[in-house]
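A.B. asks: Just passing along the structure, written as structure tokens.
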Amino acid sequence: MNNKIAVFITTIFVGIFLFFSIPSFAQQKTEEATWIWYPGDFEVWLSNKMQVRRTEREAVFPPLWQYYSPYALVTFQTEVDIPEADEVKIFTEGPFQLLLDGVQIYGQPKSLKIPAGKHKISFKVYNQEVLPAIYIAGKYVKSDASWKVTNEDKLWIDENGKAQQSGTPWVPVGSWNFDSPEHKPSEFKLTTTPWNAKKTEKIGTGELVDFGKETFGYIKIHGLKGKGKLALYYGESREEALDTAKCETLDHLSFDGKQSATYTHDGSKAFRYVRVQADPTVKYDSISMLYEYLPLDYRGAFKSSDEQLNKIWDVSAYTMHLTSREFFIDGIKRDRWVWSGDAYQSYLMNYYLFFDSASVERTLLALRGKEPVTAHINIIMDYSLYWFVGVYDYYLHTGDTKFIKTFYPRMKSLMDFCLERRNKNGFLEPLEGDWVFIDWADGLPKTGEVSFEQMLLARSLEAMAVSAEIADKKDDQKEYKKLADDLKTKLFEVFWDKKENVMKHQRIDGKMQDIVTRYANMFGIFFNYFNEEQKQSIKNKVLLNDEVLQITTPYMRFYELEALCAMGEQDYVLKEMKDYWGGMLKEGATSFWEEYNPNKKGTEHLAMYGRPYGKSLCHAWGSSPIYLLGKYYLGVKPTAPGYAEYEIKPNLGGLQWMEGKVPTPKGEVSLYISKSEIKLKAAEGEGKLIIESKSKPKTNSGTVVALGKNKYQLTVKPNVNYQISYKAI
């Protein structure tokens, strides 16, 4: 493992068991078996199903990129050695061929008696509608992670009636938490719970229903009777719900008089307000909703002496939860899609809030899709590159090598695609069909060779070098490391302005453009690509320079503020968080937005994309205070995979005190910090608490050692309650 690369990646961007509580399909969890399938196919199928649910004024608005499909025919296989005969029950999604020790068992048996001893068991399953999957339950023989699967088994029956195979590419099966035969993968559902309206008011001949805050789910109509039509106009804002001609989402319902008195509409929507307009012949008593969500525990926590900051954390956490669904999506009204750039930030925020590893895996697999690679992820160049770093970051936080070992071929083929699209100079430059996004910003140049894209490619190659080592692909590891080193050298040769000590933004046809933006400069800080002198120059000439193109989206504010935090500017960042996210709260936000410009007034805040209500008022990338407060104020980050080693470097940033929890794979790091005291307990690994103090701190356990002037370190062991007194600088 290349520790230097690991530290680099850690510096950039920074439970599994939680879904067991979902009552809709995990009530009868057993330890005996689980549904298994071809790895990645469930995620592909589910993302296809989910991402066509976006509508605009009752018109379906599907994604812009290629759809993949699960393999329709796959073969599952296992080898067992059992001490006694075993009666196994068989459940499948699709018709199957069953072979026991190479001999076909005819029919579609619901159970099979397997004699004691060694056996090879094979199921070939077909399903074109959803995905082939099996659930096998016996005392000794059961479907679990030990099974292998292939989509091309090259199997034939010889003249003796025995199965023969050659050249079959077997891979470990995929699974999730479908742990009873009744809870099939194809019947996946999120959880719902009833919510009542907070306020209802008459509007003309209809009414406006207010649920009190941004939400997501299904409208319920109570006491329904009569024949006729009823319209629902949804709004993240009051203005949107009342504007029946221009609201983004709506439903027109028709009733024949024979319907149930309680009606639940089958299309889930995002809203706070709903305007209800019914024909005079249709009557009802009240409107409520079923709130739809992924059950996740809030394992991370934050509270401080600043009440506004506490509110910012709470609303960030709620925003993050609303957008953590089947996958990490961007916004719950628009787009309801899985975007790699948005998702990457969600992974990082998730590690400081839920630490739900399964959601990260699902989202990575849904984004990657399958072979062949014909376009960038989401057709966006930078979004393909975020995907690579997201895979490594998952490994860093969880310590899970299985994901990389299983899906390394898909990593390699996507990187091959990216490398093939370099120009003669070895730089990425948009080709036909490529979208260079970077950020929503007026006047941001994106043509030619953009330094930001090359920097992301260098980081992706470093992530691939680490992944190749994990996958035991030593030649690949050497190649990716060399490509990364060469690209970083060329990046500085071409884009670094030695006179101004900043990185330029763009070169077109070999000519450097006299443009400086924040993007490559701020990423280079937390990538640790700059020396200290370069960082200070960038901080003063770029990040703290109002003449450089300003960032107005929470998306890139995430990285801008991270760069400043990485340089110890927590006092400045705290003020920025309070102004920016606090500004949204003052505008009445109950979840954080896709974009915020404090210079806008009133309904201007609702508009985007040339539409009066085009802006998402609940967007995943609005939740970045979760990450900033966890990593740079509480100061906790892994320095070895799976939190085997980690750092705690608290920074009050002007607060009087703060306390919180940062989740790890096996527990939490719990902290309380004031200007004179630190209380600490960690669940696992070996931590290094870094303290800045005017004098040597005192501790009730362990030994404090000096690292330099006013800088000290304490080694943190698991499950020890530490109390440290110190003098804040």
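Identifiers in this document derive from the order of the structure tokens: chains are assigned A, B, ..., residues are numbered from 1 separately in each chain, and ligands are numbered from 1 in order of occurrence.
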Output as a PDB file with N, CA and C atoms, in the first residue's frame all residues of segment 670-724 of chain A that backbone DSSP marks as strand (DSSP E or B).

C.D. replies:
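Wrote it out as part11.pdb, contents follow:
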```pdb
ATOM      1  N   SER A 670     -16.036  10.270  19.798  1.00  0.00           N
ATOM      2  CA  SER A 670     -16.843  11.260  20.511  1.00  0.00           C
ATOM      3  C   SER A 670     -15.927  12.322  21.111  1.00  0.00           C
ATOM      4  N   LEU A 671     -16.307  13.597  20.921  1.00  0.00           N
ATOM      5  CA  LEU A 671     -15.440  14.703  21.317  1.00  0.00           C
ATOM      6  C   LEU A 671     -16.218  15.812  22.003  1.00  0.00           C
ATOM      7  N   TYR A 672     -15.571  16.440  22.961  1.00  0.00           N
ATOM      8  CA  TYR A 672     -16.004  17.732  23.489  1.00  0.00           C
ATOM      9  C   TYR A 672     -14.761  18.603  23.563  1.00  0.00           C
ATOM     10  N   ILE A 673     -14.851  19.819  23.022  1.00  0.00           N
ATOM     11  CA  ILE A 673     -13.703  20.723  23.012  1.00  0.00           C
ATOM     12  C   ILE A 673     -14.142  22.103  23.468  1.00  0.00           C
ATOM     13  N   SER A 674     -13.468  22.639  24.455  1.00  0.00           N
ATOM     14  CA  SER A 674     -13.605  24.048  24.825  1.00  0.00           C
ATOM     15  C   SER A 674     -12.222  24.680  24.707  1.00  0.00           C
ATOM     16  N   GLU A 677     -10.399  22.566  27.676  1.00  0.00           N
ATOM     17  CA  GLU A 677     -10.606  21.154  27.980  1.00  0.00           C
ATOM     18  C   GLU A 677     -10.993  20.381  26.721  1.00  0.00           C
ATOM     19  N   ILE A 678     -10.505  19.150  26.638  1.00  0.00           N
ATOM     20  CA  ILE A 678     -10.904  18.213  25.593  1.00  0.00           C
ATOM     21  C   ILE A 678     -11.307  16.910  26.263  1.00  0.00           C
ATOM     22  N   LYS A 679     -12.498  16.418  25.927  1.00  0.00           N
ATOM     23  CA  LYS A 679     -12.942  15.094  26.360  1.00  0.00           C
ATOM     24  C   LYS A 679     -13.073  14.228  25.116  1.00  0.00           C
ATOM     25  N   LEU A 680     -12.601  12.983  25.202  1.00  0.00           N
ATOM     26  CA  LEU A 680     -12.472  12.176  23.993  1.00  0.00           C
ATOM     27  C   LEU A 680     -12.629  10.696  24.302  1.00  0.00           C
ATOM     28  N   LYS A 681     -13.361  10.018  23.438  1.00  0.00           N
ATOM     29  CA  LYS A 681     -13.411   8.561  23.482  1.00  0.00           C
ATOM     30  C   LYS A 681     -13.598   8.053  22.061  1.00  0.00           C
ATOM     31  N   ALA A 682     -12.842   7.015  21.683  1.00  0.00           N
ATOM     32  CA  ALA A 682     -12.902   6.463  20.332  1.00  0.00           C
ATOM     33  C   ALA A 682     -13.143   4.962  20.401  1.00  0.00           C
ATOM     34  N   GLU A 686      -6.026   3.319  16.140  1.00  0.00           N
ATOM     35  CA  GLU A 686      -5.089   4.115  16.919  1.00  0.00           C
ATOM     36  C   GLU A 686      -5.118   5.544  16.395  1.00  0.00           C
ATOM     37  N   GLY A 687      -5.499   6.469  17.243  1.00  0.00           N
ATOM     38  CA  GLY A 687      -5.619   7.857  16.835  1.00  0.00           C
ATOM     39  C   GLY A 687      -4.467   8.703  17.322  1.00  0.00           C
ATOM     40  N   LYS A 688      -4.261   9.801  16.629  1.00  0.00           N
ATOM     41  CA  LYS A 688      -3.277  10.794  17.042  1.00  0.00           C
ATOM     42  C   LYS A 688      -4.013  12.102  17.279  1.00  0.00           C
ATOM     43  N   LEU A 689      -4.145  12.502  18.536  1.00  0.00           N
ATOM     44  CA  LEU A 689      -4.765  13.771  18.876  1.00  0.00           C
ATOM     45  C   LEU A 689      -3.702  14.854  18.811  1.00  0.00           C
ATOM     46  N   ILE A 690      -3.928  15.834  17.947  1.00  0.00           N
ATOM     47  CA  ILE A 690      -2.999  16.948  17.787  1.00  0.00           C
ATOM     48  C   ILE A 690      -3.594  18.163  18.487  1.00  0.00           C
ATOM     49  N   ILE A 691      -2.839  18.726  19.438  1.00  0.00           N
ATOM     50  CA  ILE A 691      -3.336  19.841  20.251  1.00  0.00           C
ATOM     51  C   ILE A 691      -2.392  21.035  20.105  1.00  0.00           C
ATOM     52  N   GLU A 692      -2.969  22.201  19.851  1.00  0.00           N
ATOM     53  CA  GLU A 692      -2.195  23.436  19.894  1.00  0.00           C
ATOM     54  C   GLU A 692      -2.485  24.118  21.232  1.00  0.00           C
ATOM     55  N   LYS A 698      -2.249  18.487  29.997  1.00  0.00           N
ATOM     56  CA  LYS A 698      -2.273  17.427  30.991  1.00  0.00           C
ATOM     57  C   LYS A 698      -3.402  16.461  30.659  1.00  0.00           C
ATOM     58  N   THR A 699      -3.149  15.176  30.859  1.00  0.00           N
ATOM     59  CA  THR A 699      -4.133  14.159  30.502  1.00  0.00           C
ATOM     60  C   THR A 699      -4.284  13.141  31.623  1.00  0.00           C
ATOM     61  N   VAL A 704       1.485  12.797  26.756  1.00  0.00           N
ATOM     62  CA  VAL A 704       1.522  13.898  25.805  1.00  0.00           C
ATOM     63  C   VAL A 704       2.973  14.149  25.409  1.00  0.00           C
ATOM     64  N   VAL A 705       3.231  14.207  24.103  1.00  0.00           N
ATOM     65  CA  VAL A 705       4.585  14.481  23.625  1.00  0.00           C
ATOM     66  C   VAL A 705       4.577  15.758  22.792  1.00  0.00           C
ATOM     67  N   ALA A 706       5.671  16.495  22.824  1.00  0.00           N
ATOM     68  CA  ALA A 706       5.784  17.742  22.077  1.00  0.00           C
ATOM     69  C   ALA A 706       6.191  17.450  20.641  1.00  0.00           C
ATOM     70  N   LEU A 707       5.521  18.116  19.697  1.00  0.00           N
ATOM     71  CA  LEU A 707       5.857  17.995  18.279  1.00  0.00           C
ATOM     72  C   LEU A 707       6.621  19.213  17.778  1.00  0.00           C
ATOM     73  N   GLY A 708       6.540  20.302  18.492  1.00  0.00           N
ATOM     74  CA  GLY A 708       7.150  21.557  18.094  1.00  0.00           C
ATOM     75  C   GLY A 708       6.625  22.643  18.998  1.00  0.00           C
ATOM     76  N   LYS A 711       2.808  22.818  19.984  1.00  0.00           N
ATOM     77  CA  LYS A 711       2.104  21.739  19.292  1.00  0.00           C
ATOM     78  C   LYS A 711       2.427  20.411  19.957  1.00  0.00           C
ATOM     79  N   TYR A 712       1.380  19.663  20.318  1.00  0.00           N
ATOM     80  CA  TYR A 712       1.544  18.448  21.102  1.00  0.00           C
ATOM     81  C   TYR A 712       0.693  17.316  20.526  1.00  0.00           C
ATOM     82  N   GLN A 713       1.070  16.097  20.926  1.00  0.00           N
ATOM     83  CA  GLN A 713       0.354  14.914  20.427  1.00  0.00           C
ATOM     84  C   GLN A 713       0.097  13.920  21.547  1.00  0.00           C
ATOM     85  N   LEU A 714      -1.092  13.313  21.494  1.00  0.00           N
ATOM     86  CA  LEU A 714      -1.462  12.241  22.412  1.00  0.00           C
ATOM     87  C   LEU A 714      -1.965  11.064  21.595  1.00  0.00           C
ATOM     88  N   THR A 715      -1.415   9.882  21.845  1.00  0.00           N
ATOM     89  CA  THR A 715      -1.889   8.673  21.167  1.00  0.00           C
ATOM     90  C   THR A 715      -3.185   8.196  21.825  1.00  0.00           C
ATOM     91  N   VAL A 716      -4.215   7.972  20.993  1.00  0.00           N
ATOM     92  CA  VAL A 716      -5.551   7.614  21.479  1.00  0.00           C
ATOM     93  C   VAL A 716      -5.792   6.129  21.241  1.00  0.00           C
ATOM     94  N   TYR A 722     -10.711   9.888  27.687  1.00  0.00           N
ATOM     95  CA  TYR A 722      -9.619  10.842  27.890  1.00  0.00           C
ATOM     96  C   TYR A 722     -10.175  12.193  28.333  1.00  0.00           C
ATOM     97  N   GLN A 723      -9.482  12.802  29.279  1.00  0.00           N
ATOM     98  CA  GLN A 723      -9.765  14.166  29.705  1.00  0.00           C
ATOM     99  C   GLN A 723      -8.458  14.937  29.672  1.00  0.00           C
ATOM    100  N   ILE A 724      -8.409  15.962  28.843  1.00  0.00           N
ATOM    101  CA  ILE A 724      -7.175  16.712  28.629  1.00  0.00           C
ATOM    102  C   ILE A 724      -7.434  18.178  28.953  1.00  0.00           C
TER     103      ILE A 724
END
```

A.B. asks: Neighbours of Pro663 of chain A within 7 Å (only C-alpha atoms; same-chain residues fewer than 4 positions away dropped), as a PyMOL selection string?

C.D. replies: chain A and resi 299-300+351-352+355+667-669

A.B. asks: Store the residues picked out above in a file with all heavy atoms, as a compact mmCIF listing (two decimals), in the first residue's frame.

C.D. replies:
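Saved as selection.txt:
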```txt
# COMPACT_ATOMS: atom_id res chain seq x y z
N ARG A 299 -25.50 8.82 12.90
CA ARG A 299 -24.38 8.43 13.76
C ARG A 299 -23.46 9.61 14.03
O ARG A 299 -22.78 9.66 15.05
CB ARG A 299 -23.61 7.28 13.12
CG ARG A 299 -24.41 5.97 13.03
CD ARG A 299 -23.59 4.87 12.40
NE ARG A 299 -22.36 4.66 13.16
CZ ARG A 299 -21.27 4.08 12.64
NH1 ARG A 299 -21.26 3.68 11.38
NH2 ARG A 299 -20.20 3.92 13.38
N GLY A 300 -23.37 10.53 13.09
CA GLY A 300 -22.61 11.74 13.31
C GLY A 300 -23.45 12.77 14.05
O GLY A 300 -24.68 12.76 13.98
N TYR A 351 -19.94 9.86 5.22
CA TYR A 351 -18.95 9.32 6.16
C TYR A 351 -18.94 10.08 7.48
O TYR A 351 -18.47 9.56 8.50
CB TYR A 351 -17.55 9.37 5.55
CG TYR A 351 -17.39 8.53 4.30
CD1 TYR A 351 -16.78 9.05 3.17
CD2 TYR A 351 -17.87 7.23 4.25
CE1 TYR A 351 -16.64 8.29 2.02
CE2 TYR A 351 -17.74 6.46 3.10
CZ TYR A 351 -17.12 7.00 1.98
OH TYR A 351 -16.99 6.25 0.84
N TYR A 352 -19.47 11.30 7.50
CA TYR A 352 -19.52 12.09 8.73
C TYR A 352 -20.92 12.18 9.33
O TYR A 352 -21.11 12.83 10.35
CB TYR A 352 -18.95 13.48 8.47
CG TYR A 352 -17.45 13.46 8.36
CD1 TYR A 352 -16.83 13.22 7.14
CD2 TYR A 352 -16.65 13.62 9.48
CE1 TYR A 352 -15.45 13.15 7.04
CE2 TYR A 352 -15.27 13.56 9.39
CZ TYR A 352 -14.66 13.32 8.16
OH TYR A 352 -13.30 13.24 8.07
N PHE A 355 -22.44 7.08 7.76
CA PHE A 355 -21.47 6.03 7.47
C PHE A 355 -22.19 4.79 6.93
O PHE A 355 -21.96 3.67 7.36
CB PHE A 355 -20.61 5.68 8.69
CG PHE A 355 -19.24 5.19 8.32
CD1 PHE A 355 -18.14 6.02 8.42
CD2 PHE A 355 -19.04 3.90 7.85
CE1 PHE A 355 -16.87 5.58 8.08
CE2 PHE A 355 -17.78 3.45 7.50
CZ PHE A 355 -16.69 4.29 7.62
N GLY A 667 -17.83 2.06 15.21
CA GLY A 667 -18.27 2.89 16.33
C GLY A 667 -18.11 4.35 16.00
O GLY A 667 -18.16 4.75 14.84
N GLU A 668 -17.89 5.16 17.03
CA GLU A 668 -17.75 6.60 16.82
C GLU A 668 -16.55 7.15 17.58
O GLU A 668 -16.10 6.57 18.57
CB GLU A 668 -19.01 7.35 17.32
CG GLU A 668 -20.23 7.18 16.44
CD GLU A 668 -20.98 5.89 16.74
OE1 GLU A 668 -21.04 5.51 17.91
OE2 GLU A 668 -21.49 5.27 15.78
N VAL A 669 -16.06 8.28 17.10
CA VAL A 669 -15.13 9.11 17.86
C VAL A 669 -15.97 10.22 18.47
O VAL A 669 -16.59 11.01 17.76
CB VAL A 669 -14.03 9.71 16.96
CG1 VAL A 669 -13.13 10.62 17.78
CG2 VAL A 669 -13.22 8.60 16.29
```

A.B. asks: I'd like the interatomic distance between atom CA of Thr191 of chain A and atom CA of Lys89 of chain A, to a tenth of an Å.

C.D. replies: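 Spanning atom CA of Thr191 of chain A to atom CA of Lys89 of chain A is a straight-line distance of 28.6 Å.
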
A.B. asks: Between A:Lys148, A:Lys229, A:Lys541, A:Lys586, which is the closest to Phe123 of chain A once you count only C-alpha atoms?

C.D. replies: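 With only C-alpha atoms as the atom set, the closest residue is A:Lys148.
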
A.B. asks: Return the single residue from A:Lys600, A:Arg422, A:His119, A:Lys666 that is closest to Gly642 of chain A, with distances computed using only C-alpha atoms.

C.D. replies: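 Checking each candidate against Gly642 of chain A, we get A:Lys666 as the closest.
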
A.B. asks: What lies within 7 Å of segment 260-273 of chain A using only C-alpha atoms, ignoring chain neighbours under 3 positions off, as a ChimeraX atom specification?

C.D. replies: /A:208-225,234-238,241,332-333

A.B. asks: Output the selection as a tab-separated table (two decimals), in the first residue's frame - C-alpha atoms for each residue.

C.D. replies:
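The file below, selection.tsv, is the result:
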```tsv
chain	number	residue	atom	x	y	z
A	208	LEU	CA	-53.23	25.17	0.06
A	209	VAL	CA	-51.76	22.46	2.27
A	210	ASP	CA	-48.48	23.23	4.07
A	211	PHE	CA	-46.45	20.37	5.57
A	212	GLY	CA	-44.18	22.79	7.40
A	213	LYS	CA	-40.89	21.91	5.71
A	214	GLU	CA	-39.43	20.38	2.59
A	215	THR	CA	-40.47	16.75	2.28
A	216	PHE	CA	-40.90	13.82	-0.10
A	217	GLY	CA	-43.62	11.24	-0.48
A	218	TYR	CA	-47.15	10.37	-1.48
A	219	ILE	CA	-50.27	12.50	-1.06
A	220	LYS	CA	-53.18	10.87	0.79
A	221	ILE	CA	-56.76	12.06	0.41
A	222	HIS	CA	-59.14	11.23	3.26
A	223	GLY	CA	-62.93	11.05	3.15
A	224	LEU	CA	-62.92	11.00	-0.64
A	225	LYS	CA	-66.23	10.66	-2.42
A	234	TYR	CA	-46.76	20.79	-5.82
A	235	GLY	CA	-44.33	23.43	-4.63
A	236	GLU	CA	-41.07	23.56	-2.75
A	237	SER	CA	-42.20	27.14	-2.15
A	238	ARG	CA	-45.61	28.67	-1.55
A	241	ALA	CA	-47.65	25.64	-5.49
A	332	ILE	CA	-35.50	15.48	-4.70
A	333	LYS	CA	-37.57	17.66	-7.05
```

A.B. asks: Of the residues A:Trp593, A:Asp400, A:Ala468, A:Ala728, which is the one nearest to Ala607 of chain A, using only C-alpha atoms?

C.D. replies: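 Smallest distance to Ala607 of chain A is found for A:Trp593.
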
A.B. asks: Which polymer residues have any atom within 7 Å of an atom of segment 626-639 of chain A, counting only C-alpha atoms, with same-chain residues fewer than 2 positions away left out, as JSON, numbers by chain?

C.D. replies: {"A": [7, 10, 313, 316, 317, 348, 349, 352, 397, 562, 565, 623, 624, 641, 643, 645, 646, 647, 648, 649, 650, 651, 652, 662]}

A.B. asks: Going by DSSP on the backbone, which residues of segment 376-475 of chain A come out as alpha helix (DSSP H)? List them as a ChimeraX atom specification.

C.D. replies: /A:381-398,402-420,451-470,474-475

A.B. asks: Which is closer to Glu462 of chain A than all the others in A:Asp144, A:Glu187, A:Asp486, A:Asp342, using only C-alpha atoms?

C.D. replies: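 Nearest to Glu462 of chain A: A:Asp486.
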
A.B. asks: Hey, could you make a per-residue contact list for segment 98-134 of chain A against segment 60-82 of chain A with 6 Å as the cut-off, showing the nearest pair of atoms and its distance in Å to one decimal, counting only C-alpha atoms, sorted by chain and number, as CSV?

C.D. replies:
```
residue,atom,partner,partner_atom,distance
A:Ala116,CA,A:Ile82,CA,5.3
A:Gly117,CA,A:Asp81,CA,5.0
A:Lys118,CA,A:Asp81,CA,4.1
A:His119,CA,A:Val80,CA,5.4
A:Lys120,CA,A:Glu79,CA,4.4
A:Ile121,CA,A:Thr78,CA,5.4
A:Ser122,CA,A:Gln77,CA,4.4
A:Phe123,CA,A:Phe76,CA,5.1
A:Lys124,CA,A:Thr75,CA,4.1
A:Val125,CA,A:Val74,CA,5.6
A:Tyr126,CA,A:Leu73,CA,4.5
A:Asn127,CA,A:Ala72,CA,5.1
A:Gln128,CA,A:Ala72,CA,4.9
A:Leu131,CA,A:Pro70,CA,5.9
```

A.B. asks: Name the residues in contact with Ile729 of chain A at a cut-off of 9 Å, using only C-alpha atoms, excluding same-chain residues fewer than 5 positions from it; report them as an NGL selection string.

C.D. replies: :A and (675 or 692-694 or 710)

A.B. asks: Work out how far apart atom CA of Gly94 of chain A and atom CA of Pro132 of chain A are and give it in Å to one decimal.

C.D. replies: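 Result for atom CA of Gly94 of chain A versus atom CA of Pro132 of chain A: 6.0 Å, one decimal.
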
A.B. asks: Quick one: residues within 7 Å of Tyr38 of chain A, only C-alpha atoms counted, chain neighbours fewer than 4 positions away excluded, as a VMD selection string?

C.D. replies: chain A and resid 149 173 to 174

A.B. asks: Measuring between only C-alpha atoms, which one of A:Trp387, A:Glu207, A:Glu239, A:Asn700 shows the shortest distance to Gly602 of chain A?

C.D. replies: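 Ranked by minimum distance to Gly602 of chain A, first place goes to A:Glu239.
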
A.B. asks: Would you mind listing what lies within 8 Å of Ala301 of chain A as a list of chain:residue names, with only C-alpha atoms counted and same-chain residues fewer than 6 positions away left out?

C.D. replies: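 Listing them by chain and then by number gives A:Leu353, A:Glu659, A:Gly660, A:Lys661, A:Val662.
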
A.B. asks: Okay, now the selection with C-alpha atoms, as a short mmCIF file (atom, residue, chain, number, x, y, z; two decimals), in the first residue's frame?

C.D. replies:
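And here's result15.cif as it stands now:
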```cif
data_model
loop_
_atom_site.label_atom_id
_atom_site.label_comp_id
_atom_site.auth_asym_id
_atom_site.auth_seq_id
_atom_site.Cartn_x
_atom_site.Cartn_y
_atom_site.Cartn_z
CA LEU A 353 -23.27 11.56 9.20
CA GLU A 659 -19.05 18.66 20.77
CA GLY A 660 -19.96 15.88 18.41
CA LYS A 661 -19.45 12.40 17.04
CA VAL A 662 -17.71 11.17 13.91
#
```
